[in-house]
Amino acid sequence: MQNRPFTIDVPKLRPGANSFRFHMGSVFFRQVEHSLIQRADVAVEASIDRQPALLDARIALEGNIELVCDRCLQPYPKAIVARHRIVYSYDAPDEQPEAATDDELVFISRNLQTLDMSQDLYDLVSLQVPLRKAPCDEDNTLCLADEQVRNLLDAPAGDTSADPRWDALNKLKDN
């Protein structure tokens with residue numbers, strides 16, 4: 001079996017805490033169709049506590065992602081630091097119906113050989129993307145789009161060079 005970067009061999013996990021380190025770079029995010037993130041440098045530290053009925057994963061993300069400003073469409077870096085918990089449970093949802101709606105709970109088969117965390121890690125990084133991506137709102141600097149609008153407002157009201165087509169139309173209006 002080919003070793004993929006975000007997979008964990010479940011049978012090889014020893015009971016108790018197991019630590020893993022991953023790197024999520026631009027190559028990973030470009031492989032995801034319609035990803036909001038195209039460039040990134042994110043370090044992932046995962047501690048997975050193996051218990052008889054579940055795998056308790058504590059995940060720490062730290063790094064930078066590149067986003068596109070909603071106003072001027074210029075790329076800008078955003079630092080991310082986040083901690084998440086995901087519980088991979090062997091119990092079937094019908095045994096614990098109240099827990100089936102929990103965002104931190106993922107049900108897996110007892111026969112699972114490899115746990116692919118790539119989608120979960122992508123989702124956790126994507127949660128760090130703000131709904132409104134305007135860096136000028138965060139650090140009170142002018143965005144490129146704000147500068148362009150200010151330049152248009154500061155420009156003289158009338159243009160000194162008249163278009164001859166307008167002259168002909170203005171003559172019709174005066175009559």
# chains A, B, ... in the order shown; residues from 1 in each chain; ligands from 1
call {"tool": "residues_around", "arguments": {"residues": "segment 19-30 of chain A", "least_positions_apart": "3", "cutoff": "8 Å", "atoms": "only C-alpha atoms", "output": "JSON list (two decimals) with N, CA and C atoms, in the first residue's frame"}}
result
[["chain", "number", "residue", "atom", "x", "y", "z"],
["A", 5, "PRO", "N", 0.42, 11.15, 2.64],
["A", 5, "PRO", "CA", 0.89, 12.02, 3.71],
["A", 5, "PRO", "C", -0.08, 12.25, 4.88],
["A", 6, "PHE", "N", -1.38, 12.17, 4.68],
["A", 6, "PHE", "CA", -2.33, 12.47, 5.75],
["A", 6, "PHE", "C", -3.09, 11.24, 6.22],
["A", 33, "GLU", "N", -10.59, 20.53, -5.47],
["A", 33, "GLU", "CA", -11.39, 21.25, -6.46],
["A", 33, "GLU", "C", -12.16, 22.40, -5.79],
["A", 35, "SER", "N", -11.11, 25.06, -4.25],
["A", 35, "SER", "CA", -10.58, 25.46, -2.95],
["A", 35, "SER", "C", -10.49, 26.98, -2.85],
["A", 37, "ILE", "N", -8.44, 28.34, -0.92],
["A", 37, "ILE", "CA", -7.03, 28.56, -0.60],
["A", 37, "ILE", "C", -6.18, 27.94, -1.70],
["A", 38, "GLN", "N", -5.31, 28.73, -2.29],
["A", 38, "GLN", "CA", -4.42, 28.22, -3.32],
["A", 38, "GLN", "C", -2.97, 28.12, -2.84],
["A", 39, "ARG", "N", -2.60, 29.00, -1.93],
["A", 39, "ARG", "CA", -1.24, 28.97, -1.39],
["A", 39, "ARG", "C", -1.32, 28.91, 0.13],
["A", 40, "ALA", "N", -0.50, 28.06, 0.71],
["A", 40, "ALA", "CA", -0.53, 27.91, 2.15],
["A", 40, "ALA", "C", 0.77, 27.29, 2.65],
["A", 41, "ASP", "N", 1.02, 27.52, 3.91],
["A", 41, "ASP", "CA", 2.13, 26.91, 4.62],
["A", 41, "ASP", "C", 1.63, 26.69, 6.05],
["A", 42, "VAL", "N", 1.06, 25.52, 6.30],
["A", 42, "VAL", "CA", 0.42, 25.24, 7.58],
["A", 42, "VAL", "C", 1.05, 24.00, 8.20],
["A", 43, "ALA", "N", 1.49, 24.15, 9.44],
["A", 43, "ALA", "CA", 2.02, 23.02, 10.20],
["A", 43, "ALA", "C", 0.88, 22.44, 11.04],
["A", 44, "VAL", "N", 0.77, 21.13, 11.02],
["A", 44, "VAL", "CA", -0.30, 20.44, 11.75],
["A", 44, "VAL", "C", 0.36, 19.49, 12.74],
["A", 45, "GLU", "N", -0.06, 19.59, 13.99],
["A", 45, "GLU", "CA", 0.36, 18.65, 15.02],
["A", 45, "GLU", "C", -0.89, 17.95, 15.51],
["A", 46, "ALA", "N", -0.91, 16.64, 15.40],
["A", 46, "ALA", "CA", -2.06, 15.85, 15.82],
["A", 46, "ALA", "C", -1.64, 14.87, 16.90],
["A", 47, "SER", "N", -2.40, 14.86, 17.96],
["A", 47, "SER", "CA", -2.20, 13.89, 19.03],
["A", 47, "SER", "C", -3.44, 13.01, 19.07],
["A", 48, "ILE", "N", -3.26, 11.73, 18.80],
["A", 48, "ILE", "CA", -4.39, 10.80, 18.74],
["A", 48, "ILE", "C", -4.28, 9.84, 19.91],
["A", 122, "TYR", "N", -8.38, 19.63, 5.75],
["A", 122, "TYR", "CA", -8.79, 20.68, 4.82],
["A", 122, "TYR", "C", -9.96, 21.48, 5.40]]
call {"tool": "select_by_dssp", "arguments": {"residues": "segment 75-137 of chain A", "states": "strand (DSSP E)", "output": "PyMOL selection string"}}
result
chain A and resi 75-89+105-107+114-116
call {"tool": "write_last_selection", "arguments": {"atoms": "N, CA and C atoms", "output": "PDB file, in the first residue's frame"}}
result
ATOM      1  N   PRO A  75      -4.037  39.332  -3.671  1.00  0.00           N
ATOM      2  CA  PRO A  75      -3.751  38.317  -2.651  1.00  0.00           C
ATOM      3  C   PRO A  75      -3.121  38.950  -1.412  1.00  0.00           C
ATOM      4  N   TYR A  76      -3.446  38.383  -0.257  1.00  0.00           N
ATOM      5  CA  TYR A  76      -2.839  38.836   0.987  1.00  0.00           C
ATOM      6  C   TYR A  76      -2.688  37.646   1.926  1.00  0.00           C
ATOM      7  N   PRO A  77      -1.674  37.680   2.796  1.00  0.00           N
ATOM      8  CA  PRO A  77      -1.462  36.550   3.713  1.00  0.00           C
ATOM      9  C   PRO A  77      -2.322  36.704   4.966  1.00  0.00           C
ATOM     10  N   LYS A  78      -2.759  35.577   5.506  1.00  0.00           N
ATOM     11  CA  LYS A  78      -3.497  35.568   6.764  1.00  0.00           C
ATOM     12  C   LYS A  78      -2.887  34.493   7.654  1.00  0.00           C
ATOM     13  N   ALA A  79      -2.471  34.908   8.835  1.00  0.00           N
ATOM     14  CA  ALA A  79      -1.919  33.962   9.806  1.00  0.00           C
ATOM     15  C   ALA A  79      -3.061  33.217  10.485  1.00  0.00           C
ATOM     16  N   ILE A  80      -2.852  31.921  10.686  1.00  0.00           N
ATOM     17  CA  ILE A  80      -3.862  31.129  11.383  1.00  0.00           C
ATOM     18  C   ILE A  80      -3.213  30.363  12.530  1.00  0.00           C
ATOM     19  N   VAL A  81      -3.922  30.310  13.625  1.00  0.00           N
ATOM     20  CA  VAL A  81      -3.557  29.497  14.782  1.00  0.00           C
ATOM     21  C   VAL A  81      -4.870  28.962  15.312  1.00  0.00           C
ATOM     22  N   ALA A  82      -5.012  27.647  15.360  1.00  0.00           N
ATOM     23  CA  ALA A  82      -6.278  27.060  15.790  1.00  0.00           C
ATOM     24  C   ALA A  82      -6.047  25.702  16.434  1.00  0.00           C
ATOM     25  N   ARG A  83      -6.961  25.360  17.300  1.00  0.00           N
ATOM     26  CA  ARG A  83      -6.954  24.049  17.944  1.00  0.00           C
ATOM     27  C   ARG A  83      -8.341  23.437  17.789  1.00  0.00           C
ATOM     28  N   HIS A  84      -8.367  22.159  17.426  1.00  0.00           N
ATOM     29  CA  HIS A  84      -9.631  21.453  17.200  1.00  0.00           C
ATOM     30  C   HIS A  84      -9.544  20.056  17.797  1.00  0.00           C
ATOM     31  N   ARG A  85     -10.709  19.493  17.985  1.00  0.00           N
ATOM     32  CA  ARG A  85     -10.794  18.124  18.487  1.00  0.00           C
ATOM     33  C   ARG A  85     -11.766  17.359  17.599  1.00  0.00           C
ATOM     34  N   ILE A  86     -11.371  16.163  17.187  1.00  0.00           N
ATOM     35  CA  ILE A  86     -12.237  15.262  16.426  1.00  0.00           C
ATOM     36  C   ILE A  86     -12.191  13.904  17.115  1.00  0.00           C
ATOM     37  N   VAL A  87     -13.369  13.354  17.381  1.00  0.00           N
ATOM     38  CA  VAL A  87     -13.465  12.025  17.982  1.00  0.00           C
ATOM     39  C   VAL A  87     -13.941  11.067  16.896  1.00  0.00           C
ATOM     40  N   TYR A  88     -13.102  10.099  16.578  1.00  0.00           N
ATOM     41  CA  TYR A  88     -13.453   9.048  15.626  1.00  0.00           C
ATOM     42  C   TYR A  88     -13.977   7.873  16.450  1.00  0.00           C
ATOM     43  N   SER A  89     -15.271   7.623  16.381  1.00  0.00           N
ATOM     44  CA  SER A  89     -15.896   6.616  17.220  1.00  0.00           C
ATOM     45  C   SER A  89     -16.224   5.362  16.424  1.00  0.00           C
ATOM     46  N   LEU A 105     -17.701  14.706  16.149  1.00  0.00           N
ATOM     47  CA  LEU A 105     -17.803  13.252  16.167  1.00  0.00           C
ATOM     48  C   LEU A 105     -17.910  12.690  14.753  1.00  0.00           C
ATOM     49  N   VAL A 106     -17.027  11.736  14.438  1.00  0.00           N
ATOM     50  CA  VAL A 106     -17.029  11.057  13.140  1.00  0.00           C
ATOM     51  C   VAL A 106     -17.077   9.562  13.417  1.00  0.00           C
ATOM     52  N   PHE A 107     -18.010   8.869  12.774  1.00  0.00           N
ATOM     53  CA  PHE A 107     -18.136   7.430  12.973  1.00  0.00           C
ATOM     54  C   PHE A 107     -17.304   6.691  11.929  1.00  0.00           C
ATOM     55  N   THR A 114      -6.731   2.197   7.512  1.00  0.00           N
ATOM     56  CA  THR A 114      -6.051   3.494   7.429  1.00  0.00           C
ATOM     57  C   THR A 114      -7.071   4.618   7.595  1.00  0.00           C
ATOM     58  N   LEU A 115      -6.720   5.576   8.396  1.00  0.00           N
ATOM     59  CA  LEU A 115      -7.557   6.745   8.631  1.00  0.00           C
ATOM     60  C   LEU A 115      -7.000   7.887   7.795  1.00  0.00           C
ATOM     61  N   ASP A 116      -7.750   8.319   6.789  1.00  0.00           N
ATOM     62  CA  ASP A 116      -7.329   9.416   5.927  1.00  0.00           C
ATOM     63  C   ASP A 116      -7.871  10.721   6.521  1.00  0.00           C
TER      64      ASP A 116
END
call {"tool": "closest_residue", "arguments": {"among": "A:Lys12, A:Arg110, A:Arg132, A:Arg4", "to": "Val68 of chain A", "atoms": "only C-alpha atoms"}}
result
A:Arg132
call {"tool": "atom_distance", "arguments": {"atom1": "atom CA of Ala57 of chain A", "atom2": "atom CA of Leu127 of chain A"}}
result
17.3 Å
call {"tool": "atom_distance", "arguments": {"atom1": "atom CA of Gly63 of chain A", "atom2": "atom CA of Val129 of chain A"}}
result
12.8 Å
